[in-house]
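K.L.:
Here you go, structure_17.pdb (PDB, C-alpha atoms):
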```
ATOM      1  CA  MET A  12    -111.085  88.094  48.404
ATOM      2  CA  PHE A  13    -107.430  88.008  49.500
ATOM      3  CA  THR A  14    -107.509  86.404  52.949
ATOM      4  CA  ARG A  15    -104.846  85.668  55.509
ATOM      5  CA  LYS A  16    -104.981  82.013  54.423
ATOM      6  CA  SER A  17    -104.258  83.027  50.810
ATOM      7  CA  SER A  18    -101.332  85.139  51.963
ATOM      8  CA  LEU A  19     -99.858  82.161  53.836
ATOM      9  CA  TYR A  20    -100.254  79.900  50.779
ATOM     10  CA  LEU A  21     -98.507  82.450  48.569
ATOM     11  CA  SER A  22     -95.623  82.668  51.036
ATOM     12  CA  VAL A  23     -95.154  78.884  50.895
ATOM     13  CA  LEU A  24     -95.036  78.980  47.084
ATOM     14  CA  LEU A  25     -92.465  81.755  47.083
ATOM     15  CA  LEU A  26     -90.332  79.760  49.528
ATOM     16  CA  ALA A  27     -90.611  76.543  47.522
ATOM     17  CA  SER A  28     -89.505  78.054  44.202
ATOM     18  CA  PRO A  29     -85.937  78.945  45.204
ATOM     19  CA  LEU A  30     -85.572  75.593  46.971
ATOM     20  CA  GLU A  31     -86.558  73.789  43.780
ATOM     21  CA  LEU A  32     -84.115  75.900  41.805
ATOM     22  CA  ALA A  33     -81.368  75.165  44.313
ATOM     23  CA  PHE A  34     -81.759  71.397  44.473
ATOM     24  CA  GLY A  35     -83.446  70.546  41.158
ATOM     25  CA  SER A  36     -85.142  67.255  40.350
ATOM     26  CA  GLN A  37     -82.501  65.378  38.338
ATOM     27  CA  PRO A  38     -81.841  61.770  39.435
ATOM     28  CA  PHE A  39     -78.062  62.199  39.107
ATOM     29  CA  VAL A  40     -76.069  65.023  40.684
ATOM     30  CA  LYS A  41     -73.336  66.214  38.345
ATOM     31  CA  ALA A  42     -69.959  66.313  40.048
ATOM     32  CA  ASP A  43     -68.890  69.565  38.343
ATOM     33  CA  SER A  44     -71.880  71.553  39.574
ATOM     34  CA  MET A  45     -71.637  69.938  42.985
ATOM     35  CA  VAL A  46     -68.181  71.218  43.927
ATOM     36  CA  GLN A  47     -67.171  74.265  41.888
ATOM     37  CA  ALA A  48     -66.333  77.205  44.124
ATOM     38  CA  PRO A  49     -68.373  80.283  43.106
ATOM     39  CA  ASP A  50     -65.522  82.723  43.747
ATOM     40  CA  GLY A  51     -63.124  80.915  41.414
ATOM     41  CA  ASN A  52     -61.162  79.495  44.333
ATOM     42  CA  ASN A  53     -60.456  75.767  43.848
ATOM     43  CA  GLN A  54     -60.104  75.050  47.556
ATOM     44  CA  THR A  55     -63.611  73.562  47.759
ATOM     45  CA  LEU A  56     -62.907  71.380  44.728
ATOM     46  CA  GLN A  57     -59.579  70.151  46.113
ATOM     47  CA  ASN A  58     -61.036  69.172  49.483
ATOM     48  CA  THR A  59     -64.122  67.352  48.191
ATOM     49  CA  THR A  60     -64.156  63.615  47.560
ATOM     50  CA  LEU A  61     -65.409  63.341  43.986
ATOM     51  CA  ILE A  62     -64.593  59.691  43.369
ATOM     52  CA  ARG A  63     -63.531  56.643  45.342
ATOM     53  CA  PHE A  64     -62.804  53.248  43.841
ATOM     54  CA  GLN A  65     -64.581  50.374  45.567
ATOM     55  CA  SER A  66     -62.622  47.220  44.889
ATOM     56  CA  PRO A  67     -64.804  44.169  44.121
ATOM     57  CA  PRO A  68     -64.347  40.958  46.147
ATOM     58  CA  ASP A  69     -61.282  38.868  45.301
ATOM     59  CA  ASP A  70     -62.204  36.045  42.927
ATOM     60  CA  GLY A  71     -59.437  33.779  44.207
ATOM     61  CA  LYS A  72     -57.293  34.041  41.098
ATOM     62  CA  PRO A  73     -53.614  33.413  41.946
ATOM     63  CA  LYS A  74     -51.362  36.478  42.200
ATOM     64  CA  ASP A  75     -47.599  36.567  42.002
ATOM     65  CA  GLY A  76     -47.304  38.937  44.943
ATOM     66  CA  THR A  77     -45.530  41.811  43.172
ATOM     67  CA  ALA A  78     -46.804  45.301  42.431
ATOM     68  CA  SER A  79     -48.699  45.230  39.144
ATOM     69  CA  GLY A  80     -47.412  41.718  38.438
ATOM     70  CA  GLY A  81     -44.284  40.760  36.531
ATOM     71  CA  THR A  82     -40.726  40.052  37.567
ATOM     72  CA  ARG A  83     -38.718  43.141  36.585
ATOM     73  CA  GLY A  84     -39.789  46.757  36.631
ATOM     74  CA  ARG A  85     -36.850  48.276  34.770
ATOM     75  CA  CYS A  86     -34.181  47.379  32.244
ATOM     76  CA  PRO A  87     -30.733  46.370  33.557
ATOM     77  CA  GLN A  88     -29.190  49.428  31.886
ATOM     78  CA  ASP A  89     -31.701  51.664  33.728
ATOM     79  CA  ALA A  90     -30.552  50.602  37.195
ATOM     80  CA  ASN A  91     -29.877  54.229  38.158
ATOM     81  CA  GLN A  92     -33.532  55.163  37.536
ATOM     82  CA  SER A  93     -35.810  55.207  40.577
ATOM     83  CA  SER A  94     -39.106  54.794  38.677
ATOM     84  CA  ILE A  95     -40.275  51.440  37.356
ATOM     85  CA  LEU A  96     -42.696  50.148  34.751
ATOM     86  CA  THR A  97     -46.147  50.229  36.382
ATOM     87  CA  LEU A  98     -49.540  49.039  35.166
ATOM     88  CA  LEU A  99     -52.439  51.286  36.164
ATOM     89  CA  LEU A 100     -54.352  48.718  38.184
ATOM     90  CA  PRO A 101     -55.653  48.285  41.727
ATOM     91  CA  ARG A 102     -53.349  46.583  44.212
ATOM     92  CA  SER A 103     -55.055  43.278  43.406
ATOM     93  CA  GLN A 104     -53.406  43.548  39.956
ATOM     94  CA  GLU A 105     -56.734  42.964  38.245
ATOM     95  CA  GLY A 106     -59.689  45.069  37.205
ATOM     96  CA  LEU A 107     -63.194  44.790  35.792
ATOM     97  CA  THR A 108     -64.607  46.224  32.581
ATOM     98  CA  VAL A 109     -67.949  46.235  30.807
ATOM     99  CA  ALA A 110     -66.269  47.090  27.477
ATOM    100  CA  ASP A 111     -65.692  44.485  24.792
ATOM    101  CA  HIS A 112     -62.620  46.371  23.471
ATOM    102  CA  PRO A 113     -61.123  48.189  26.484
ATOM    103  CA  ILE A 114     -58.182  50.560  26.819
ATOM    104  CA  PHE A 115     -55.159  49.671  28.958
ATOM    105  CA  PHE A 116     -52.982  52.219  30.783
ATOM    106  CA  ALA A 117     -49.417  51.950  32.065
ATOM    107  CA  TYR A 118     -46.641  54.191  33.307
ATOM    108  CA  VAL A 119     -43.382  53.883  31.357
ATOM    109  CA  PRO A 120     -40.328  55.328  33.139
ATOM    110  CA  GLN A 121     -37.305  56.947  31.547
ATOM    111  CA  THR A 122     -35.521  54.076  29.815
ATOM    112  CA  GLN A 123     -32.855  53.268  27.276
ATOM    113  CA  ALA A 124     -35.227  50.750  25.683
ATOM    114  CA  ASN A 125     -36.560  51.882  22.304
ATOM    115  CA  THR A 126     -39.445  49.449  21.861
ATOM    116  CA  GLY A 127     -42.395  48.290  23.934
ATOM    117  CA  GLU A 128     -44.661  45.279  23.499
ATOM    118  CA  PHE A 129     -48.244  44.560  24.570
ATOM    119  CA  LEU A 130     -49.799  41.099  24.744
ATOM    120  CA  LEU A 131     -53.320  39.990  25.662
ATOM    121  CA  TYR A 132     -53.887  36.339  26.566
ATOM    122  CA  ASP A 133     -56.977  34.178  26.680
ATOM    123  CA  ARG A 134     -56.234  32.377  29.936
ATOM    124  CA  ALA A 135     -58.763  29.618  29.316
ATOM    125  CA  GLN A 136     -57.531  28.798  25.799
ATOM    126  CA  LYS A 137     -53.896  29.594  26.646
ATOM    127  CA  THR A 138     -53.527  31.622  23.483
ATOM    128  CA  VAL A 139     -52.436  35.144  22.588
ATOM    129  CA  ILE A 140     -55.415  37.009  21.126
ATOM    130  CA  TYR A 141     -53.563  40.274  20.510
ATOM    131  CA  GLN A 142     -49.921  41.270  20.306
ATOM    132  CA  THR A 143     -48.319  44.494  19.134
ATOM    133  CA  THR A 144     -45.005  46.306  19.373
ATOM    134  CA  PHE A 145     -44.528  50.072  19.358
ATOM    135  CA  PRO A 146     -41.740  52.648  19.547
ATOM    136  CA  LEU A 147     -41.320  54.359  22.910
ATOM    137  CA  ARG A 148     -41.735  58.121  22.469
ATOM    138  CA  ASN A 149     -42.467  61.098  24.738
ATOM    139  CA  ILE A 150     -41.682  59.125  27.885
ATOM    140  CA  PRO A 151     -41.567  59.065  30.854
ATOM    141  CA  GLY A 152     -45.317  59.212  31.249
ATOM    142  CA  ILE A 153     -48.593  57.296  31.228
ATOM    143  CA  ILE A 154     -49.379  55.592  27.943
ATOM    144  CA  SER A 155     -52.624  54.040  26.689
ATOM    145  CA  ILE A 156     -53.112  51.033  24.448
ATOM    146  CA  GLN A 157     -56.446  50.415  22.742
ATOM    147  CA  TYR A 158     -57.503  46.818  22.151
ATOM    148  CA  PRO A 159     -58.516  47.084  18.459
ATOM    149  CA  THR A 160     -62.165  46.741  17.479
ATOM    150  CA  ASN A 161     -61.222  44.379  14.634
ATOM    151  CA  LYS A 162     -60.103  41.791  17.181
ATOM    152  CA  PRO A 163     -62.451  39.323  18.963
ATOM    153  CA  ARG A 164     -64.622  40.833  21.678
ATOM    154  CA  LEU A 165     -63.730  40.046  25.260
ATOM    155  CA  GLU A 166     -66.272  37.566  26.564
ATOM    156  CA  ILE A 167     -68.486  38.349  29.540
ATOM    157  CA  GLY A 168     -67.443  36.394  32.632
ATOM    158  CA  LYS A 169     -63.975  35.639  31.308
ATOM    159  CA  THR A 170     -60.625  36.721  32.803
ATOM    160  CA  TYR A 171     -57.764  37.680  30.486
ATOM    161  CA  GLU A 172     -54.110  38.285  31.222
ATOM    162  CA  TRP A 173     -52.219  41.207  29.748
ATOM    163  CA  ARG A 174     -48.542  41.933  29.742
ATOM    164  CA  LEU A 175     -46.460  44.989  28.955
ATOM    165  CA  LEU A 176     -42.770  44.612  28.120
ATOM    166  CA  LEU A 177     -39.850  46.923  27.436
ATOM    167  CA  HIS A 178     -37.354  45.410  24.989
ATOM    168  CA  CYS A 179     -34.193  46.158  26.929
ATOM    169  CA  GLN A 180     -31.763  44.287  24.685
ATOM    170  CA  SER A 181     -32.478  43.517  21.047
ATOM    171  CA  ASP A 182     -30.848  40.079  21.209
ATOM    172  CA  ASP A 183     -32.063  38.889  24.628
ATOM    173  CA  ARG A 184     -35.785  38.737  25.442
ATOM    174  CA  ALA A 185     -34.969  37.355  28.887
ATOM    175  CA  ALA A 186     -33.654  40.799  29.812
ATOM    176  CA  ASP A 187     -36.993  42.506  29.093
ATOM    177  CA  ALA A 188     -38.707  44.551  31.771
ATOM    178  CA  SER A 189     -42.162  43.056  32.202
ATOM    179  CA  LYS A 190     -45.353  43.604  34.169
ATOM    180  CA  ILE A 191     -48.486  41.440  34.233
ATOM    181  CA  GLY A 192     -52.105  42.339  34.970
ATOM    182  CA  TRP A 193     -55.566  40.867  34.572
ATOM    183  CA  ILE A 194     -58.864  42.051  33.184
ATOM    184  CA  LYS A 195     -62.319  40.522  33.481
ATOM    185  CA  ARG A 196     -65.317  41.587  31.447
ATOM    186  CA  ILE A 197     -68.673  41.553  33.228
ATOM    187  CA  ALA A 198     -72.235  42.513  32.351
ATOM    188  CA  PRO A 199     -73.018  46.066  33.500
ATOM    189  CA  PRO A 200     -74.306  46.095  37.108
ATOM    190  CA  THR A 201     -77.786  47.561  37.575
ATOM    191  CA  ALA A 202     -76.438  50.880  38.907
ATOM    192  CA  VAL A 203     -74.226  51.265  35.818
ATOM    193  CA  ALA A 204     -76.894  50.191  33.343
ATOM    194  CA  ARG A 205     -79.291  52.807  34.721
ATOM    195  CA  VAL A 206     -76.941  55.738  34.039
ATOM    196  CA  PRO A 207     -78.211  57.609  30.939
ATOM    197  CA  ASN A 208     -75.775  57.895  28.039
ATOM    198  CA  ASN A 209     -75.877  61.692  28.194
ATOM    199  CA  THR A 210     -74.885  61.818  31.867
ATOM    200  CA  ASN A 211     -71.998  64.118  32.782
ATOM    201  CA  PRO A 212     -68.694  62.173  32.343
ATOM    202  CA  SER A 213     -67.638  62.934  35.923
ATOM    203  CA  GLU A 214     -70.824  61.331  37.235
ATOM    204  CA  ARG A 215     -70.474  58.345  34.918
ATOM    205  CA  ALA A 216     -66.910  57.767  36.134
ATOM    206  CA  ARG A 217     -68.053  58.019  39.754
ATOM    207  CA  VAL A 218     -70.739  55.361  39.250
ATOM    208  CA  TYR A 219     -68.289  53.019  37.507
ATOM    209  CA  ALA A 220     -65.712  53.457  40.286
ATOM    210  CA  GLU A 221     -68.229  52.878  43.077
ATOM    211  CA  ASN A 222     -69.245  49.627  41.370
ATOM    212  CA  GLY A 223     -65.663  48.406  40.955
ATOM    213  CA  ILE A 224     -65.471  48.906  37.173
ATOM    214  CA  TRP A 225     -61.843  49.994  37.065
ATOM    215  CA  TYR A 226     -60.926  50.175  33.369
ATOM    216  CA  ASP A 227     -64.019  52.154  32.357
ATOM    217  CA  ALA A 228     -63.744  54.699  35.179
ATOM    218  CA  LEU A 229     -60.070  55.256  34.340
ATOM    219  CA  LYS A 230     -60.813  55.670  30.621
ATOM    220  CA  ILE A 231     -63.585  58.227  31.160
ATOM    221  CA  ILE A 232     -61.446  60.406  33.425
ATOM    222  CA  ALA A 233     -58.394  60.118  31.145
ATOM    223  CA  GLU A 234     -60.479  61.372  28.215
ATOM    224  CA  GLN A 235     -61.494  64.451  30.227
ATOM    225  CA  LYS A 236     -58.152  65.137  31.918
ATOM    226  CA  PRO A 237     -56.110  68.015  30.458
ATOM    227  CA  ARG A 238     -52.652  67.075  29.201
ATOM    228  CA  VAL A 239     -51.214  69.800  31.406
ATOM    229  CA  SER A 240     -52.155  69.169  35.025
ATOM    230  CA  THR A 241     -54.526  71.781  36.465
ATOM    231  CA  ASN A 242     -57.127  71.970  39.204
ATOM    232  CA  SER A 243     -59.862  70.839  36.837
ATOM    233  CA  THR A 244     -62.489  68.386  38.057
ATOM    234  CA  ALA A 245     -61.072  65.610  35.852
ATOM    235  CA  THR A 246     -57.509  66.153  37.124
ATOM    236  CA  ILE A 247     -58.630  65.997  40.748
ATOM    237  CA  MET A 248     -60.781  62.908  40.082
ATOM    238  CA  TRP A 249     -57.790  61.269  38.371
ATOM    239  CA  ARG A 250     -55.679  61.909  41.464
ATOM    240  CA  GLN A 251     -58.370  60.652  43.849
ATOM    241  CA  LEU A 252     -58.974  57.487  41.789
ATOM    242  CA  LEU A 253     -55.283  56.563  41.675
ATOM    243  CA  GLN A 254     -54.901  57.298  45.390
ATOM    244  CA  SER A 255     -57.929  55.238  46.451
ATOM    245  CA  GLU A 256     -57.209  52.897  49.349
ATOM    246  CA  SER A 257     -57.380  49.771  47.172
ATOM    247  CA  VAL A 258     -55.222  51.308  44.423
ATOM    248  CA  LYS A 259     -52.410  53.421  45.941
ATOM    249  CA  LEU A 260     -50.595  54.497  42.780
ATOM    250  CA  ASP A 261     -49.262  57.566  44.592
ATOM    251  CA  ASP A 262     -45.838  57.412  42.933
ATOM    252  CA  ILE A 263     -47.203  58.064  39.439
ATOM    253  CA  VAL A 264     -50.316  60.117  40.183
ATOM    254  CA  SER A 265     -48.693  63.317  38.903
ATOM    255  CA  SER A 266     -47.209  61.737  35.780
ATOM    256  CA  PRO A 267     -48.511  63.177  32.498
ATOM    257  CA  LEU A 268     -50.611  61.323  29.965
ATOM    258  CA  VAL A 269     -48.405  61.120  26.869
ATOM    259  CA  GLU A 270     -48.852  60.381  23.192
ATOM    260  CA  CYS A 271     -46.518  57.460  22.876
ATOM    261  CA  CYS A 272     -47.471  54.257  21.316
ATOM    262  CA  LYS A 273     -48.802  53.708  17.839
ATOM    263  CA  PRO A 274     -49.215  49.923  17.561
ATOM    264  CA  SER A 275     -47.628  48.099  14.677
ATOM    265  CA  ASN A 276     -50.908  46.209  14.046
TER     266      ASN A 276
END
```
Show me this structure written as structure tokens.

P.N.:
Amino acid sequence: MFTRKSSLYLSVLLLASPLELAFGSQPFVKADSMVQAPDGNNQTLQNTTLIRFQSPPDDGKPKDGTASGGTRGRCPQDANQSSILTLLLPRSQEGLTVADHPIFFAYVPQTQANTGEFLLYDRAQKTVIYQTTFPLRNIPGIISIQYPTNKPRLEIGKTYEWRLLLHCQSDDRAADASKIGWIKRIAPPTAVARVPNNTNPSERARVYAENGIWYDALKIIAEQKPRVSTNSTATIMWRQLLQSESVKLDDIVSSPLVECCKPSN
């Protein structure tokens, strides 16, 4: 017999179903589905904070007090250029990674230099563990340099120094433009380790950024970011990451990612 009590129960079920459909039961909310405007207007996407980098505590490592390290941001013959060589790093000039063979990013300005050089140092052993030179092409723009998988893994708990140079004069290395940064590999924090491998890249990047894992968050977003800047989720996350309070790379946030640098080894 269909009673008033049964009718009330059925009403509750009908109400619960659309709520379950609306909110779901997944442990991670995907950034794309969270902010896309249904009418195709990107205003909601633009005004939503998708990612914010939380800088980890300073480990006391000495800094040289200059933006992205180094002593000279441009070649002497490029004195009329306003942009300078810039490493994509937080203002502390160092960043964390959980990767054993990370990717490094830097902005290379318009320059008369034809060759760049990348070096990675083991600070404890005071040795160079990787060095490569490459021709400068398609600049100005943001370049990426992969630490090769055939080189020794970065050790957990160890800080390494990396340096990017522009060879300004073929016969005088002292004239090189140079910037210095640091990278430390750590074991994945619990929040990072719990993220499933098949999680949406935007959500993975957000978790890395919130846990201070700079290099990995930057890599994930760079892989998703279109070469031509648009209002895509990845492009907006890229902008928000670089403009985070502890980063402030506002001057290069609109610079394109470019295919530049094929290492010599």

K.L.:
State, in Å with one decimal place, the distance from CA of Asp187 (chain A) to CA of Pro146 (chain A).

P.N.:
14.7 Å

K.L.:
Would you pick out the contacts of Cys86 (chain A) at 9 Å or less, using all atoms listed in the file, so that residues sharing its chain but fewer than 4 positions from it are not included, and give the list as an mmCIF file with C-alpha atoms, keeping the file's coordinate frame?

P.N.:
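Resulting contents of selection_5.cif:
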```
data_model
loop_
_atom_site.group_PDB
_atom_site.id
_atom_site.type_symbol
_atom_site.label_atom_id
_atom_site.label_comp_id
_atom_site.auth_asym_id
_atom_site.auth_seq_id
_atom_site.Cartn_x
_atom_site.Cartn_y
_atom_site.Cartn_z
ATOM 1 C CA ALA A 90 -30.552 50.602 37.195
ATOM 2 C CA ILE A 95 -40.275 51.440 37.356
ATOM 3 C CA THR A 122 -35.521 54.076 29.815
ATOM 4 C CA GLN A 123 -32.855 53.268 27.276
ATOM 5 C CA ALA A 124 -35.227 50.750 25.683
ATOM 6 C CA LEU A 177 -39.850 46.923 27.436
ATOM 7 C CA HIS A 178 -37.354 45.410 24.989
ATOM 8 C CA CYS A 179 -34.193 46.158 26.929
ATOM 9 C CA GLN A 180 -31.763 44.287 24.685
ATOM 10 C CA ALA A 186 -33.654 40.799 29.812
ATOM 11 C CA ASP A 187 -36.993 42.506 29.093
ATOM 12 C CA ALA A 188 -38.707 44.551 31.771
#
```

K.L.:
As an exercise, work out the distance from CA of Pro67 (chain A) to CA of Gly223 (chain A) in Å and give it to one decimal place.

P.N.:
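Spanning CA of Pro67 (chain A) to CA of Gly223 (chain A) is a straight-line distance of 5.4 Å.
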
K.L.:
Tell me which residues the PyMOL selection byres ((chain A and resi 117) around 7) grabs here, as a short mmCIF file (atom, residue, chain, number, x, y, z; two decimals) with C-alpha atoms, keeping the file's coordinate frame.

P.N.:
```cif
data_model
loop_
_atom_site.label_atom_id
_atom_site.label_comp_id
_atom_site.auth_asym_id
_atom_site.auth_seq_id
_atom_site.Cartn_x
_atom_site.Cartn_y
_atom_site.Cartn_z
CA THR A 97 -46.15 50.23 36.38
CA LEU A 98 -49.54 49.04 35.17
CA LEU A 99 -52.44 51.29 36.16
CA PHE A 115 -55.16 49.67 28.96
CA PHE A 116 -52.98 52.22 30.78
CA TYR A 118 -46.64 54.19 33.31
CA VAL A 119 -43.38 53.88 31.36
CA ILE A 153 -48.59 57.30 31.23
CA ILE A 154 -49.38 55.59 27.94
CA SER A 155 -52.62 54.04 26.69
#
```

K.L.:
Taking the file as shown, find all residues satisfying the PyMOL selection byres ((chain A and resi 249-251) around 10) and write them as a PyMOL selection string.

P.N.:
chain A and resi 57+59-64+228-229+231-233+235-236+243-248+252-256+258-261+263-265

K.L.:
Point out the residue among A:Thr160, A:Ser66, A:Gln88, A:Gln142 with the least atom-to-atom distance to Ala220 (chain A), counting all atoms listed in the file.

P.N.:
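Under the stated criterion, the closest residue is A:Ser66.
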
K.L.:
Can you tell me how far CA of Pro237 (chain A) sits from CA of Ser266 (chain A), in Å to one decimal?

P.N.:
12.1 Å

K.L.:
Expand the PyMOL selection byres ((chain A and resi 111-113) around 10) into the individual residues it matches in the shown file, reporting them as an MDAnalysis selection string.

P.N.:
chainID A and resid 108:110 114:115 156:167 194 196:197 226:227 230

K.L.:
Those same residues - C-alpha atoms - I'd like them written as a compact mmCIF listing (two decimals), in the coordinates of the input.

P.N.:
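Written output follows (selection.txt):
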```
# COMPACT_ATOMS: atom_id res chain seq x y z
CA THR A 108 -64.61 46.22 32.58
CA VAL A 109 -67.95 46.24 30.81
CA ALA A 110 -66.27 47.09 27.48
CA ILE A 114 -58.18 50.56 26.82
CA PHE A 115 -55.16 49.67 28.96
CA ILE A 156 -53.11 51.03 24.45
CA GLN A 157 -56.45 50.42 22.74
CA TYR A 158 -57.50 46.82 22.15
CA PRO A 159 -58.52 47.08 18.46
CA THR A 160 -62.16 46.74 17.48
CA ASN A 161 -61.22 44.38 14.63
CA LYS A 162 -60.10 41.79 17.18
CA PRO A 163 -62.45 39.32 18.96
CA ARG A 164 -64.62 40.83 21.68
CA LEU A 165 -63.73 40.05 25.26
CA GLU A 166 -66.27 37.57 26.56
CA ILE A 167 -68.49 38.35 29.54
CA ILE A 194 -58.86 42.05 33.18
CA ARG A 196 -65.32 41.59 31.45
CA ILE A 197 -68.67 41.55 33.23
CA TYR A 226 -60.93 50.18 33.37
CA ASP A 227 -64.02 52.15 32.36
CA LYS A 230 -60.81 55.67 30.62
```

K.L.:
Using only C-alpha atoms, list the residues that have an atom at most 7 Å from (-40.4, 60.0, 33.4), coordinates as in the file, as a list in words.

P.N.:
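Using only C-alpha atoms, the matching residues come out as Pro120, Gln121, Ile150, Pro151 and Gly152 of chain A.
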
K.L.:
Between A:Lys137, A:Lys195, A:Arg205, A:Lys169, which residue has the minimum interatomic distance to Ile224 (chain A), considering all atoms listed in the file?

P.N.:
A:Lys195

K.L.:
Determine the axis-aligned bounding box of all atoms of region 168-184 of chain A present in the file, pad each side by 5 Å, and express its centre and edge lengths in Å to one decimal place as JSON.

P.N.:
```
{"center_x": -49.1, "center_y": 41.3, "center_z": 26.9, "size_x": 46.6, "size_y": 21.3, "size_z": 21.8}
```
